[in-house]
Each structure stands twice: as structure tokens, then as C-alpha cells.
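Pasting final-v4.tsv here (TSV, C-alpha atoms):
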chain	number	residue	atom	x	y	z
A	1	MET	CA	0.00	0.00	0.00
A	2	LYS	CA	1.35	3.39	-1.04
A	3	LYS	CA	1.84	5.92	1.76
A	4	GLN	CA	0.20	9.31	1.44
A	5	PRO	CA	2.36	12.43	1.61
A	6	PHE	CA	2.65	13.99	5.08
A	7	TYR	CA	0.69	17.09	4.11
A	8	SER	CA	-2.30	14.90	3.16
A	9	SER	CA	-3.14	14.48	6.84
A	10	PHE	CA	-3.55	18.25	7.10
A	11	VAL	CA	-5.78	18.28	4.03
A	12	TYR	CA	-7.99	15.54	5.50
A	13	ALA	CA	-8.15	17.34	8.85
A	14	ALA	CA	-9.18	20.58	7.12
A	15	GLN	CA	-11.87	18.67	5.22
A	16	GLY	CA	-13.20	17.31	8.51
A	17	ILE	CA	-13.32	20.75	10.09
A	18	ARG	CA	-15.04	22.14	6.98
A	19	ALA	CA	-17.62	19.32	7.08
A	20	ALA	CA	-18.29	19.98	10.77
A	21	LEU	CA	-18.81	23.70	10.13
A	22	ARG	CA	-21.10	22.94	7.21
A	23	GLU	CA	-23.17	20.26	8.93
A	24	GLU	CA	-22.95	20.75	12.71
A	25	ARG	CA	-24.86	23.65	14.28
A	26	ASN	CA	-23.01	23.33	17.59
A	27	MET	CA	-19.65	23.67	15.85
A	28	ARG	CA	-20.84	26.87	14.15
A	29	PHE	CA	-22.07	28.14	17.52
A	30	HIS	CA	-18.70	27.44	19.17
A	31	LEU	CA	-16.86	29.20	16.32
A	32	CYS	CA	-19.03	32.30	16.68
A	33	ALA	CA	-18.68	32.26	20.47
A	34	ALA	CA	-14.90	32.07	20.07
A	35	PHE	CA	-14.97	35.06	17.71
A	36	TYR	CA	-16.84	37.18	20.27
A	37	VAL	CA	-14.63	36.01	23.13
A	38	TYR	CA	-11.55	37.25	21.28
A	39	LEU	CA	-13.35	40.40	20.09
A	40	PHE	CA	-14.37	41.43	23.60
A	41	SER	CA	-10.98	40.44	25.00
A	42	MET	CA	-9.65	43.61	23.37
A	43	PHE	CA	-11.27	45.59	26.21
A	44	TYR	CA	-9.16	43.73	28.78
A	45	GLU	CA	-5.51	43.83	29.68
A	46	PHE	CA	-4.99	40.09	29.51
A	47	THR	CA	-1.53	38.65	29.91
A	48	LYS	CA	-0.09	36.07	27.54
A	49	LEU	CA	-0.89	33.40	30.10
A	50	GLU	CA	-4.54	34.49	30.27
A	51	TYR	CA	-4.76	34.40	26.46
A	52	CYS	CA	-3.25	30.91	26.59
A	53	VAL	CA	-5.98	29.81	29.01
A	54	ILE	CA	-8.67	31.35	26.79
A	55	THR	CA	-7.21	29.63	23.73
A	56	ILE	CA	-7.02	26.25	25.48
A	57	MET	CA	-10.66	26.59	26.50
A	58	VAL	CA	-11.78	27.62	23.00
A	59	VAL	CA	-9.89	24.92	21.10
A	60	GLY	CA	-10.72	22.32	23.75
A	61	VAL	CA	-14.45	22.85	23.30
A	62	MET	CA	-14.12	22.81	19.51
A	63	ALA	CA	-11.92	19.71	19.52
A	64	LEU	CA	-14.36	17.86	21.77
A	65	GLU	CA	-17.22	18.94	19.51
A	66	LEU	CA	-15.37	17.40	16.54
A	67	VAL	CA	-14.87	14.16	18.50
A	68	ASN	CA	-18.52	14.18	19.58
A	69	SER	CA	-19.73	14.71	16.02
A	70	SER	CA	-17.50	11.97	14.66
A	71	LEU	CA	-18.66	9.51	17.34
A	72	GLU	CA	-22.30	10.35	16.64
A	73	ARG	CA	-21.80	9.57	12.97
A	74	THR	CA	-19.89	6.40	13.74
A	75	VAL	CA	-22.73	4.94	15.79
A	76	GLU	CA	-25.63	6.21	13.68
A	77	ARG	CA	-28.28	3.66	12.74
A	78	PRO	CA	-26.91	0.81	14.77
A	79	THR	CA	-28.23	-2.71	14.55
A	80	PRO	CA	-31.01	-3.46	17.08
A	81	ASP	CA	-28.66	-5.33	19.42
A	82	ARG	CA	-26.29	-2.33	19.52
A	83	TYR	CA	-28.95	0.36	19.87
A	84	CYS	CA	-28.59	0.94	23.64
A	85	THR	CA	-24.80	1.04	23.48
A	86	ALA	CA	-24.88	3.54	20.61
A	87	GLY	CA	-27.18	5.85	22.56
A	88	VAL	CA	-24.93	5.75	25.60
A	89	VAL	CA	-21.83	6.45	23.49
A	90	LYS	CA	-23.50	9.47	21.89
A	91	ASP	CA	-24.73	10.75	25.25
A	92	MET	CA	-21.32	10.37	26.88
A	93	ALA	CA	-19.58	12.18	24.02
A	94	ALA	CA	-22.12	15.01	24.25
A	95	GLY	CA	-21.58	15.02	28.03
A	96	ALA	CA	-17.85	15.47	27.52
A	97	VAL	CA	-18.50	18.57	25.42
A	98	LEU	CA	-20.94	19.86	28.03
A	99	VAL	CA	-18.54	19.34	30.94
A	100	PHE	CA	-15.67	21.08	29.14
A	101	SER	CA	-18.01	23.87	28.00
A	102	ILE	CA	-19.21	24.48	31.55
A	103	GLY	CA	-15.61	24.56	32.78
A	104	SER	CA	-14.74	26.98	29.99
A	105	ALA	CA	-17.71	29.18	30.87
A	106	VAL	CA	-16.59	29.29	34.51
A	107	CYS	CA	-13.05	30.22	33.43
A	108	GLY	CA	-14.51	32.82	31.08
A	109	PHE	CA	-16.63	34.30	33.85
A	110	LEU	CA	-13.60	34.53	36.15
A	111	LEU	CA	-11.46	36.11	33.44
A	112	PHE	CA	-14.06	38.46	31.96
A	113	TRP	CA	-15.93	39.70	35.04
A	114	ASP	CA	-14.31	43.11	35.39
A	115	LEU	CA	-16.40	46.22	36.01
A	116	GLN	CA	-13.69	48.51	34.63
A	117	ALA	CA	-13.65	46.57	31.37
A	118	PHE	CA	-17.45	46.78	31.22
A	119	ALA	CA	-17.16	50.55	31.65
A	120	ARG	CA	-14.60	50.69	28.79
A	121	MET	CA	-16.97	48.71	26.57
A	122	PHE	CA	-19.89	50.97	27.46
A	123	TRP	CA	-17.83	54.09	26.74
A	124	PHE	CA	-16.58	52.66	23.43
A	125	PHE	CA	-19.99	51.65	22.12
A	126	THR	CA	-21.65	54.90	23.22
A	127	HIS	CA	-18.94	57.03	21.58
A	128	TYR	CA	-18.51	54.94	18.43
A	129	TRP	CA	-22.11	54.19	17.45
A	130	PHE	CA	-20.98	52.71	14.11
A	131	ALA	CA	-19.10	50.03	16.09
A	132	LEU	CA	-22.32	49.22	17.95
A	133	ILE	CA	-24.17	48.96	14.64
A	134	ALA	CA	-21.41	46.71	13.27
A	135	LEU	CA	-21.60	44.55	16.40
A	136	CYS	CA	-25.38	44.19	16.08
A	137	ALA	CA	-25.05	43.37	12.38
A	138	SER	CA	-22.38	40.76	13.14
A	139	LEU	CA	-24.62	39.22	15.81
A	140	ALA	CA	-27.45	38.97	13.28
A	141	GLY	CA	-25.05	37.38	10.80
A	142	ALA	CA	-23.80	34.96	13.45
A	143	TRP	CA	-27.41	33.99	14.27
A	144	ILE	CA	-28.06	33.21	10.61
A	145	PHE	CA	-24.74	31.32	10.31
A	146	VAL	CA	-25.45	29.18	13.38
A	147	PHE	CA	-29.14	28.48	12.90
A	148	ARG	CA	-29.41	28.23	9.13
A	149	ARG	CA	-31.32	25.26	7.84
A	150	LYS	CA	-29.33	22.26	6.71
A	151	ASP	CA	-30.65	22.45	3.14
A	152	ASP	CA	-29.42	26.05	2.65
Can the structure in the file be given as C-alpha cells, please?
Amino acid sequence: MKKQPFYSSFVYAAQGIRAALREERNMRFHLCAAFYVYLFSMFYEFTKLEYCVITIMVVGVMALELVNSSLERTVERPTPDRYCTAGVVKDMAAGAVLVFSIGSAVCGFLLFWDLQAFARMFWFFTHYWFALIALCASLAGAWIFVFRRKDD
């Protein structure tokens, strides 16, 4: 059997990520959430270490979502004798995403709860109304991106 070039593994990985973004609503949600986390992080004075923590949380949730989606597809339409096991596998994989997401949300709350940063955001969006309009437009676009129908 002929070995594939090393770069092929990156191509296949990119195809998997693209498929997840195209077909998995939760993956699109996590991508949008990550965008806004980094966008609003500009109002904070995070250290490199804090950005590392944020990045680990973001990519951890997205990586687990990819694993969850792949497991769900692997055990789809099981034979009758495997039906209960398949359901448990899917539930456990979804639980892993949920547990990591809750942990990430707690870390995010601890990192982002800062009244001074909230005041900076308020000042920015009240003085640069076009930025507020752009933010609202991007939120509308994110909503459409996340919740679009599968046949679109």
C-alpha cells in the first residue's frame, strides 16, 4: 500500500473541520462564540498566560465537539442489538462537550468579570455608534450562520 504524503493528513483534517462547520450547528455556535470572546478580550488587559488559558478553552471545546460529532456519525443507525450502546456512546460524548463547556464558561466568567472593562466597553460603544451597529449586524449574521437550515 502506497503511503500518502505527510501534508495529506492536514488536508484531511481541514476537510473534517469544513464538514463539521457545514453540517454541525453546535460547531458553528462554538466558532461564533470564540470570535466574540476574542473580540471582547480587546477591552481587557490580559496577559499572555490568560490568552493561553482562553485559547485552550476555545480549542478544547471545539476539539471535543469534533470528537462528539465523529462519534455520533460512527454509531448512527446501529443494529437493534447495539442500539442501547450507541445511545450511551452518543450521550457520553455530548456530556464530555458539556462538561468542558461548563468549565470553559466558569473560566470565562472569572477572566471576563471586570467592572472597569465593562465601563470601557460601554464608553466605546456609546462614543462609536458605528461600532455598535457593526456589532449588532455581526450578531445577526452569526445567528443566521449558526441556525441556518441544513438544506441552505
- Item | Exercise: Cys52 (chain A) partners within 12 Å, all atoms listed in the file, chain neighbours under 6 positions left out, as a PyMOL selection string | chain A and resi 38+46+58-60+107+111
- Item | For Ala119 (chain A), the nearest of the candidates A:Ile54, A:Leu31, A:Leu98, A:Phe43, counting only C-alpha atoms | A:Phe43
- For Arg149 (chain A), work out the shell of residues within 12 Å, counting only C-alpha atoms and skipping chain neighbours fewer than 4 positions away, then give it as a PyMOL selection string. chain A and resi 22-25+143-145
- Query: Within 12 Å of Ala94 (chain A), counting all atoms listed in the file, which residues qualify if same-chain residues fewer than 5 places away don't, as a ChimeraX atom specification?
  - Reply: /A:26,61,64-72,87-89,99-101
Go ahead and write the selection's residues with C-alpha atoms as a JSON list (two decimals), in the frame of the given file.
[["chain", "number", "residue", "atom", "x", "y", "z"],
["A", 26, "ASN", "CA", -23.01, 23.33, 17.59],
["A", 61, "VAL", "CA", -14.45, 22.85, 23.30],
["A", 64, "LEU", "CA", -14.36, 17.86, 21.77],
["A", 65, "GLU", "CA", -17.22, 18.94, 19.51],
["A", 66, "LEU", "CA", -15.37, 17.40, 16.54],
["A", 67, "VAL", "CA", -14.87, 14.16, 18.50],
["A", 68, "ASN", "CA", -18.52, 14.18, 19.58],
["A", 69, "SER", "CA", -19.73, 14.71, 16.02],
["A", 70, "SER", "CA", -17.50, 11.97, 14.66],
["A", 71, "LEU", "CA", -18.66, 9.51, 17.34],
["A", 72, "GLU", "CA", -22.30, 10.35, 16.64],
["A", 87, "GLY", "CA", -27.18, 5.85, 22.56],
["A", 88, "VAL", "CA", -24.93, 5.75, 25.60],
["A", 89, "VAL", "CA", -21.83, 6.45, 23.49],
["A", 99, "VAL", "CA", -18.54, 19.34, 30.94],
["A", 100, "PHE", "CA", -15.67, 21.08, 29.14],
["A", 101, "SER", "CA", -18.01, 23.87, 28.00]]
- Pairwise distance, CA of Leu115 (chain A) with CA of Gly141 (chain A), equals 28.1 Å
- Item | Shortest interatomic distance to Ser138 (chain A) - which of A:Trp123, A:Arg18, A:Tyr36, A:Lys3, counting only C-alpha atoms |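 So, comparing all the options, the nearest one is A:Tyr36.
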- Message: Please determine, counting only C-alpha atoms, which residue among A:Ala140, A:Ile102, A:Ala93, A:Val37 has the shortest atom-to-atom distance to Thr55 (chain A).
- Response: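 The answer is A:Val37, which sits nearest to Thr55 (chain A).
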- Message: Please report the interatomic distance between CA of Glu76 (chain A) and CA of Lys90 (chain A) in Å with one decimal.
- Response: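 Between CA of Glu76 (chain A) and CA of Lys90 (chain A) the gap is 9.1 Å.
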- What is the distance between CA of Met121 (chain A) and CA of Ala134 (chain A), in Å to one decimal? 14.2 Å
- Excluding Phe147 (chain A) and any residue of its chain fewer than 5 positions from it, enumerate the residues within 9 Å of it, using all atoms listed in the file, and give them as a list in words.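 The residues satisfying every condition are Arg25, Arg28, Phe29 and Ala142 of chain A.
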- Item | Local residues around (-13.5, 37.3, 33.8), at most 12 Å away, using only C-alpha atoms, as a ChimeraX atom specification | /A:37,40-41,43-46,50-51,53-54,104-118
Box for region 123-133 of chain A - axis-aligned, 3 Å on each of the six sides, all listed atoms - centre and size in Å to one decimal, as lines of an AutoDock Vina configuration file.
center_x = -20.4
center_y = 53.0
center_z = 20.4
size_x = 13.6
size_y = 14.1
size_z = 18.6
